[in-house]
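Worksheet: the structure to be examined is printed underneath.
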Amino acid sequence: MPSKTSSIKKQIILHDIRQGGWLSVLYFLALLLILPLQIIIQYSDPQTRKYMEKGNLFLYSPDLQWLLSITVPVLLGILLLRYLHKKQVSDFVHSMPIKRVSLFHHHLIVGMVLLIIPILLNGLILFGLRAFGSIGDYFTALHVFAWLGMLLFLNILMLLATVFTGMITGMFSMHFILTYIFILLPAGLVLLVLANMGVLFVGFPVDYYFELAIHKFSPISYFFVNFTATLNLSWVIMSAYAVAGILLYLAALWLYIHRRMEATSQAIVYPFMRPVFRYGVTFCFMMAGGFYFHVMSSSFAWVIFGYAGGSLIGFIIAEAILQKTWRIYSSYKSYLVFVIFLAVVMVATNLVKGNYDNKIPSADAVKQVYFGEFYNYTGDVEDQSIKPLYFTDKREIELVQKLHERAIETPEINGWYEGDQRTTFIVYEMKNGSKVSRSYTYALDDDPELKKLQYEIEGLNAYKHANNPVFNIASSEVYGVDVQPNNIKQSSTTISDRELIDRLIEAVRKDIELADPQTDLEEVRTYSMDLLTNKEQGYYYVEFDDSYKNTISVLKDAGLYDDLHVYPEDISSIKLENFERNNTMMVEDQEDIKHILDHAIYYSEEEDSYYVTFNLDRGRSLQDELSIEYEDLPESIKKQLEE
Amino acid sequence: MIKAVEISKKFDRKQVLDQVGFQVRKGTIYGLLGSNGAGKTTIMRILAGILKQDKGSVLVDGKSVFENVKLKQRVIFMPDILYFFPQYTVKQMGQYYADMYDNWDQQRYDQLISQFKLENKKVTTFSKGMQRQVAFCLALAAKPDFLIMDEPLDGLDAVVRQRIKGLLINDVAEREMTVLISSHNLREMENLCDDVGILHKGKMILERNLDDMKTEVQKVQFALRKGQDMSFLEKLNILHQEKRGSIHLLIVKADLQEVETILTAQNPVVLDMLPLSLEEIFIYEMGGAGYAIENILD
């Protein structure tokens with residue numbers, strides 16, 4: 001008997017539209033507000049028009065565009081697949097004479113159309129807008145196409161992911177949660193694993209792997225980063241997402257065909273996926289728990305506690321969801337399985353750990369070694385003024401190795417540490433092409449040997465050249481230098497004389513090379529210069545003090561030094577204040593002024609210290625920034641204060 | 001014809017159906033009896049193509065139902081808890097069915113709706129009984145060859161129940177519709193079904209043709225004169241016997257003619273052939289197991 005009706009079921013489409021059409025309409029309106037209307041409003045007011053930028057359509061509330069794109073398709077998918085998550089509806093629909101493949105495509109296509117229409121309509125409106133006056137100057141037709149492409153791509157990808165998770169779960173409420181867990185999982189898992197590698201292995205360079213750009217692993221984070229005025233999409237990533245989309249479609253279809261309808265209202269429909277869910281959640285909670293306690297305290301016992309507690313909580317949550325009850329005592333065996341698995345992993349980790357922690361490649365095998373505070377493996381540094389530092393000289397490589405050796409021995413600093421500390425990133429690039437990278441954060445004060453090595457490296461010209469901007473810009477690129485004293489005096493001189501600029505830069509370079517890394521700049525009486533350039537960065541900042549002999553000499557020759565330096569004679573009076581004690585006094589004696597000037601420091605937390613405000617003929621120092629400790633005060637003033 | 005052969009089904013680890021087999025002949029009504037949780041609904045969901053059995057085969061007209069659109073065109077499943085799309089009116093539900101079922105008869109639908117005096121309102125706002133009537137109208141207007149109904153007469157008042165039974169019997173007679181109906185109420189099935197099967201804990205424990213049964217078992221009461229020889233009773237296959245004063249009550253497995261002949265020959269003072277309910281037959285015929293059935297069927 002041939003079928004009278006076609007395989008396209010009008011009523012299913014109609015029903016889907018009744019379910020999700022309203023969302024489509026709201027979506028249209030929301031996009032209308034965000035884009036065409038916002039553009040019209042900005043354009044129609046001359047005030048705001050001035051600030052309108054020309055460029056692509058992600059200049060307009062990109063966050064909202066992103067937020068809509070990651071929520072609307074998910075909500076729509078949930079609405080359209082709700083029939084799968086309630087027994088009565090599921091039975092009703094699946095008793096109808098229609099194949100699951102056909103049902104699947106009905107819903108998927110209606111879902112896509114409901115997403116495409118609002119986006120496409122807004123695209124058309126945007127095209128239409130271009131026809132009106134000079135609105136068209138602000139964005140091109142290509143921008144509209146790019147916007148359409150991006151939005152449709154993300155929306156359809158999100159819908160496919162939602163359809164996929166809809167097939168996995170039999171519960172309406174789980175569908176929502178599972179969808180986001182699923183989409184964020186690749187990025188989240190990598191993040192958690194890396195963070196925990198950092199906890200377990202000494203010197204594991206977590207940041208090095210963060211440079212892999214974990215945000216690429218989830219479309220949610222990837223598009224959040226990329227909905228920007230400068231579309232900077234990687235075709236590799238986009239192709240990967242496209243392939244993922246196709247795979248999600250195929251997987252969802254396969255799962256639907258094989259879905260057992262009696263599992264409707266189960267959290268996870270397919271029995272083989274339940275252990276994956278159970279142990280996946282347990283594992284993630286475990287890692288999150290361990291990492292949390294690692295951050296909160298540096299004791300490894302707490303980390304173990306975090307692992308145990310986290311995994312137990314994760315297991316209970318997963319099991320409660322699967323069984324839909326909190327009474328899950330009887331499944332303690334499954335948790336034991338996890339604990340045993342974990343014990344095996346821990347033992348294995350420990351076997352590898354010693355090898356990893358203590359690995360320092362032999363100097364002969366190293367081609368070059370990177371040394372710095374952080375590592376940027378793409379070389380795509382925004383701040384061009386700091387160059388990556390590579391040591392190739394064997395003596396220098398060995399120096400780094402010695403420091404590395406000490407760093408392994410030195411306990412890692414976690415969290416707040418008051419005192420001299422360093423974060424050091426070491427990447428050995430081996431002759432065979434492989435890399436060994438480690439990162440350590442340590443205190444210098446507890447280990448004289450480490451301190452010595454650190455300063456020795458920092459004293460190398462190569463180190464200074466790499467880490468000081470002034471070495472990394474051609475002086476010809478600097479068109480001016482602003483020189484100003486910090487803290488007390490307020491004056492600023494702009495040097496634009498070519499010859500003077502060159503001399504000044506040369507002098508600063510020489511002084512930096514001469515400077516001993518162990519001696520800090522003077523506390524209060526420092527100066528700074530801004531090297532003005534036409535580069536994106538704008539200017540480069542250099543701080544110096546009277547120990548920069550060559551620089552000071554150049555400034556003296558140019559007659560600029562007196563404007564920078566604070567002489568006691570410049571100061572007419574000093575105000576000393578201690579708010580705790582409600583004590584204030586003015587100092588006018590020249591001797592005392594000189595003494596205070598020599599002993600003033602930056603903001604002190606000592607209770608008996610005094611805030612120092614210098615009153616100068618030209619301006620005064622900023623309040624609440626400079627202090628003097630009580631014992632550094634001149635005796636005469638101490639006496640007066642005590643009265 | 002519906003034919004289920006040794007179907008088994010597990011939900012997770014729980015065995016819901018264990019090698020169940022039965023047949024529903026074309027143009028007959030088959031009553032599937034059993035208490036809650038016996039597996040009736042599962043059988044029906046398998047027959048409706050919603051679930052797939054783990055083992056065994058379910059054939060409707062010799063073919064498997066699962067994902068068989070052509071066959072599902074001819075099968076309608078009416079679940080115990082009815083579902084209608086929220087916001088859908090009686091008419092809209094009709095449109096949905098019309099789109100789905102090729103044999104849809106709009107004229108019949110309109111006629112049935114008016115016969116039941118159903119207004120064109122949102123179906124979900126109706127009372128349970130009225131919703132059940134809408135479901136019947138939808139099912140019958142789709143003119144299925146196979147109608148599978150799970151506890152369809154529950155919660156209906158006697159008048160409506162009678163009317164629906166009438167419609168069912170009518171379609172069975174006119175179009176040779178094959179009906180599978182489940183119930184936990186034996187009495188309700190008595191004058192509706194041709195065959196019954198009793199399902200208990202996932203197993204089919206008994207299957208019978210009701211007409212055969214009724215002619216096979218007789219209930220009779222008689223009184224003889226005092227001191228009369230009772231040895232003739234040995235000739236009869238007695239399922240149950242009791243005595244109230246001088247009146248003997250017998251449940252005998254034999255056909256009516258035979259019982260009457262034997263008893264008349266004794267010249268009884270009183271001889272009455274009494275009507276037997278289905279329930280009684282089950283209970284008496286099955287002895288110990290019969291009482292189990294009584295428990296099964298509340």
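Convention: chains lettered A, B, ... in structure tokens order; per-chain residue numbering from 1; ligands numbered from 1 as shown.
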
Practice item. Determine which residues of range 468-634 of chain A DSSP labels as strand (DSSP E) from the backbone of this structure, then write them out as a VMD selection string. Key: chain A and resid 478 to 485 493 to 495 527 to 533 539 to 544 571 to 578 583 to 587 601 to 602 610 to 616 626 to 628

List every residue of chain B that has an atom at most 10 Å from any atom of chain A, and for each one report the closest atom pair and its distance in Å to one decimal, counting only C-alpha atoms, with rows sorted by chain and then by increasing residue number, as JSON lines.
```
{"residue": "B:Lys10", "atom": "CA", "partner": "A:Glu262", "partner_atom": "CA", "distance": 9.7}
{"residue": "B:Phe11", "atom": "CA", "partner": "A:Glu262", "partner_atom": "CA", "distance": 7.1}
{"residue": "B:Asp12", "atom": "CA", "partner": "A:Pro271", "partner_atom": "CA", "distance": 8.0}
{"residue": "B:Thr42", "atom": "CA", "partner": "A:Glu262", "partner_atom": "CA", "distance": 8.9}
{"residue": "B:Arg45", "atom": "CA", "partner": "A:Asp91", "partner_atom": "CA", "distance": 7.8}
{"residue": "B:Ile46", "atom": "CA", "partner": "A:Ser95", "partner_atom": "CA", "distance": 9.6}
{"residue": "B:Leu47", "atom": "CA", "partner": "A:Ser95", "partner_atom": "CA", "distance": 9.3}
{"residue": "B:Ala48", "atom": "CA", "partner": "A:Ser95", "partner_atom": "CA", "distance": 5.6}
{"residue": "B:Gly49", "atom": "CA", "partner": "A:Ser95", "partner_atom": "CA", "distance": 6.0}
{"residue": "B:Ile50", "atom": "CA", "partner": "A:His94", "partner_atom": "CA", "distance": 5.4}
{"residue": "B:Leu51", "atom": "CA", "partner": "A:Met261", "partner_atom": "CA", "distance": 6.0}
{"residue": "B:Lys52", "atom": "CA", "partner": "A:Arg260", "partner_atom": "CA", "distance": 7.5}
{"residue": "B:Val65", "atom": "CA", "partner": "A:Pro97", "partner_atom": "CA", "distance": 9.9}
{"residue": "B:Phe66", "atom": "CA", "partner": "A:Lys99", "partner_atom": "CA", "distance": 9.2}
{"residue": "B:Glu67", "atom": "CA", "partner": "A:Lys99", "partner_atom": "CA", "distance": 5.6}
{"residue": "B:Asn68", "atom": "CA", "partner": "A:Lys99", "partner_atom": "CA", "distance": 7.5}
{"residue": "B:Val69", "atom": "CA", "partner": "A:Pro97", "partner_atom": "CA", "distance": 4.7}
{"residue": "B:Lys70", "atom": "CA", "partner": "A:Pro97", "partner_atom": "CA", "distance": 7.2}
{"residue": "B:Leu71", "atom": "CA", "partner": "A:Pro97", "partner_atom": "CA", "distance": 7.8}
{"residue": "B:Lys72", "atom": "CA", "partner": "A:Pro97", "partner_atom": "CA", "distance": 4.8}
{"residue": "B:Gln73", "atom": "CA", "partner": "A:Pro97", "partner_atom": "CA", "distance": 5.2}
{"residue": "B:Arg74", "atom": "CA", "partner": "A:Pro97", "partner_atom": "CA", "distance": 8.5}
{"residue": "B:Val75", "atom": "CA", "partner": "A:Pro97", "partner_atom": "CA", "distance": 8.4}
{"residue": "B:Ile76", "atom": "CA", "partner": "A:Ser95", "partner_atom": "CA", "distance": 7.4}
{"residue": "B:Phe77", "atom": "CA", "partner": "A:Ser95", "partner_atom": "CA", "distance": 6.6}
{"residue": "B:Met78", "atom": "CA", "partner": "A:Phe92", "partner_atom": "CA", "distance": 8.5}
{"residue": "B:Pro79", "atom": "CA", "partner": "A:Phe92", "partner_atom": "CA", "distance": 8.1}
{"residue": "B:Asp80", "atom": "CA", "partner": "A:Gln88", "partner_atom": "CA", "distance": 9.5}
{"residue": "B:Ile81", "atom": "CA", "partner": "A:Gln88", "partner_atom": "CA", "distance": 7.1}
{"residue": "B:Leu82", "atom": "CA", "partner": "A:Gln88", "partner_atom": "CA", "distance": 7.2}
{"residue": "B:Tyr83", "atom": "CA", "partner": "A:Gln88", "partner_atom": "CA", "distance": 5.9}
{"residue": "B:Phe84", "atom": "CA", "partner": "A:Val89", "partner_atom": "CA", "distance": 8.1}
{"residue": "B:Phe85", "atom": "CA", "partner": "A:Val89", "partner_atom": "CA", "distance": 8.2}
{"residue": "B:Gln87", "atom": "CA", "partner": "A:Arg18", "partner_atom": "CA", "distance": 9.5}
{"residue": "B:Tyr88", "atom": "CA", "partner": "A:His15", "partner_atom": "CA", "distance": 9.5}
{"residue": "B:Gln92", "atom": "CA", "partner": "A:Gln11", "partner_atom": "CA", "distance": 9.3}
{"residue": "B:Met93", "atom": "CA", "partner": "A:Gln11", "partner_atom": "CA", "distance": 9.7}
{"residue": "B:Gln95", "atom": "CA", "partner": "A:Gln11", "partner_atom": "CA", "distance": 7.5}
{"residue": "B:Tyr96", "atom": "CA", "partner": "A:Gln11", "partner_atom": "CA", "distance": 5.5}
{"residue": "B:Tyr97", "atom": "CA", "partner": "A:Gln11", "partner_atom": "CA", "distance": 8.6}
{"residue": "B:Ala98", "atom": "CA", "partner": "A:Gln11", "partner_atom": "CA", "distance": 9.0}
{"residue": "B:Asp99", "atom": "CA", "partner": "A:Gln11", "partner_atom": "CA", "distance": 6.3}
{"residue": "B:Met100", "atom": "CA", "partner": "A:Pro97", "partner_atom": "CA", "distance": 6.5}
{"residue": "B:Tyr101", "atom": "CA", "partner": "A:Pro97", "partner_atom": "CA", "distance": 7.2}
{"residue": "B:Asp102", "atom": "CA", "partner": "A:Lys4", "partner_atom": "CA", "distance": 5.9}
{"residue": "B:Asn103", "atom": "CA", "partner": "A:Lys4", "partner_atom": "CA", "distance": 8.8}
```

Figure out the distance between CA of Val369 in chain A and CA of Val427 in chain A, please, to one decimal in Å.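 The value is 5.5 Å.
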
Using only C-alpha atoms, determine which residues lie at most 8 Å from range 449-451 of chain A, disregarding the query and same-chain residues fewer than 2 positions distant; provide the list as a short mmCIF file (atom, residue, chain, number, x, y, z; two decimals) with all heavy atoms, in the first residue's frame.
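What landed in result_25.cif:
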```cif
data_model
loop_
_atom_site.label_atom_id
_atom_site.label_comp_id
_atom_site.auth_asym_id
_atom_site.auth_seq_id
_atom_site.Cartn_x
_atom_site.Cartn_y
_atom_site.Cartn_z
N LEU A 403 71.51 26.79 38.62
CA LEU A 403 70.36 27.43 39.25
C LEU A 403 69.16 26.48 39.26
O LEU A 403 68.45 26.38 40.26
CB LEU A 403 70.01 28.71 38.49
CG LEU A 403 68.79 29.43 39.05
CD1 LEU A 403 69.16 30.82 39.49
CD2 LEU A 403 67.65 29.49 38.06
N ARG A 406 69.48 24.06 42.07
CA ARG A 406 69.12 24.65 43.36
C ARG A 406 67.60 24.84 43.46
O ARG A 406 67.00 24.62 44.51
CB ARG A 406 69.76 26.04 43.55
CG ARG A 406 71.24 26.09 43.75
CD ARG A 406 71.77 25.27 44.86
NE ARG A 406 71.28 25.55 46.21
CZ ARG A 406 71.71 24.91 47.29
NH1 ARG A 406 72.63 23.96 47.15
NH2 ARG A 406 71.25 25.20 48.47
N ALA A 407 67.02 25.27 42.35
CA ALA A 407 65.58 25.56 42.35
C ALA A 407 64.77 24.31 42.67
O ALA A 407 63.73 24.37 43.34
CB ALA A 407 65.14 26.15 41.01
N LEU A 444 64.49 33.98 47.36
CA LEU A 444 65.93 34.06 47.27
C LEU A 444 66.58 34.15 48.64
O LEU A 444 67.72 33.73 48.84
CB LEU A 444 66.34 35.28 46.45
CG LEU A 444 66.02 35.22 44.95
CD1 LEU A 444 66.51 36.49 44.27
CD2 LEU A 444 66.66 34.01 44.31
N ASP A 445 65.82 34.70 49.60
CA ASP A 445 66.42 35.03 50.89
C ASP A 445 66.82 33.80 51.69
O ASP A 445 67.72 33.87 52.52
CB ASP A 445 65.47 35.90 51.71
CG ASP A 445 65.18 37.20 50.99
OD1 ASP A 445 66.06 37.66 50.23
OD2 ASP A 445 64.07 37.74 51.15
N ASP A 447 68.09 31.02 50.61
CA ASP A 447 69.13 30.18 50.03
C ASP A 447 70.20 31.06 49.36
O ASP A 447 70.05 31.50 48.23
CB ASP A 447 68.47 29.26 48.98
CG ASP A 447 69.45 28.24 48.44
OD1 ASP A 447 70.68 28.44 48.61
OD2 ASP A 447 68.99 27.26 47.84
N LEU A 453 73.41 32.61 42.39
CA LEU A 453 73.26 32.18 41.00
C LEU A 453 72.27 33.07 40.25
O LEU A 453 72.49 33.44 39.11
CB LEU A 453 72.79 30.71 40.96
CG LEU A 453 73.84 29.69 41.36
CD1 LEU A 453 73.17 28.36 41.68
CD2 LEU A 453 74.86 29.53 40.24
N GLN A 454 71.18 33.37 40.93
CA GLN A 454 70.15 34.20 40.31
C GLN A 454 70.75 35.55 39.90
O GLN A 454 70.58 36.01 38.78
CB GLN A 454 69.00 34.41 41.30
CG GLN A 454 67.84 35.24 40.75
CD GLN A 454 66.92 34.44 39.85
OE1 GLN A 454 66.72 33.24 40.06
NE2 GLN A 454 66.39 35.07 38.83
N TYR A 455 71.49 36.15 40.85
CA TYR A 455 72.07 37.47 40.56
C TYR A 455 73.15 37.37 39.50
O TYR A 455 73.33 38.29 38.71
CB TYR A 455 72.61 38.11 41.83
CG TYR A 455 71.52 38.65 42.73
CD1 TYR A 455 71.56 38.50 44.11
CD2 TYR A 455 70.43 39.34 42.17
CE1 TYR A 455 70.57 39.00 44.91
CE2 TYR A 455 69.42 39.83 42.97
CZ TYR A 455 69.48 39.67 44.35
OH TYR A 455 68.50 40.16 45.13
#
```

Notebook entry, point to check: range 479-553 of chain A: which residues are alpha helix (DSSP H) by DSSP, as number ranges by chain?
Noted result: A: 498-514, 549-553

I'd like the contact shell of range 31-40 of chain B - 10 Å cut-off, only C-alpha atoms, skipping same-chain residues fewer than 2 positions apart - returned as a ChimeraX atom specification. /B:9,15-18,20,22,24,28-29,42-45,149-151,179-186,188-190,192-208,293,295-298

**Prompt:** Of the candidates B:Asp145, B:Val160, B:Phe232, B:Tyr109, which shows the shortest atom-to-atom distance to Thr264 in chain B, using only C-alpha atoms?
**Reply:**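 Of all the options, B:Phe232 lies closest to Thr264 in chain B.
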
Practice prompt. Tell me which protein, DNA and RNA residues are within 8 Å of range 126-134 of chain B, counting only C-alpha atoms, leaving out same-chain ones fewer than 5 positions away, and put them as a count of residues only.
Written response: 9

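Excluding Arg25 in chain B itself and any same-chain residue fewer than 6 positions from it, the protein and nucleic acid residues within 8 Å of it, counting only C-alpha atoms, are Met1, Ile2 and Thr178 of chain B.
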
Take the selection from the previous step and output its residues with N, CA, C and O atoms, as a PDB file, in the first residue's frame.
```
ATOM      1  N   MET B   1      -3.002 -10.826  12.243  1.00  0.00           N
ATOM      2  CA  MET B   1      -2.723 -11.634  13.420  1.00  0.00           C
ATOM      3  C   MET B   1      -1.497 -11.084  14.157  1.00  0.00           C
ATOM      4  O   MET B   1      -0.539 -10.640  13.545  1.00  0.00           O
ATOM      5  N   ILE B   2      -1.582 -11.082  15.461  1.00  0.00           N
ATOM      6  CA  ILE B   2      -0.422 -10.689  16.264  1.00  0.00           C
ATOM      7  C   ILE B   2       0.151 -11.960  16.864  1.00  0.00           C
ATOM      8  O   ILE B   2      -0.576 -12.765  17.436  1.00  0.00           O
ATOM      9  N   THR B 178      -8.265  -6.231  14.893  1.00  0.00           N
ATOM     10  CA  THR B 178      -7.706  -7.113  15.915  1.00  0.00           C
ATOM     11  C   THR B 178      -7.377  -6.265  17.131  1.00  0.00           C
ATOM     12  O   THR B 178      -6.727  -5.227  17.004  1.00  0.00           O
TER      13      THR B 178
END
```

What is the distance between CA of Ser221 in chain A and CA of Leu64 in chain A, in Å to one decimal?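 That distance, rounded to one decimal, is 13.9 Å.
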
Report task. Measuring atom to atom with only C-alpha atoms, identify which of B:Glu216, B:Glu280, B:Asp229, B:Asp272 is nearest to Glu258 in chain B. Result ->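 Among the listed residues, the smallest separation from Glu258 in chain B belongs to B:Glu216.
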
Notebook entry, point to check: What's the 10 Å shell around Lys394 in chain A, counting only C-alpha atoms, without same-chain residues fewer than 6 positions away, as a ChimeraX atom specification?
Noted result: /A:363-364,366-369,400

Between CA of Ser277 in chain B and CA of Leu250 in chain B lies a distance of 14.3 Å
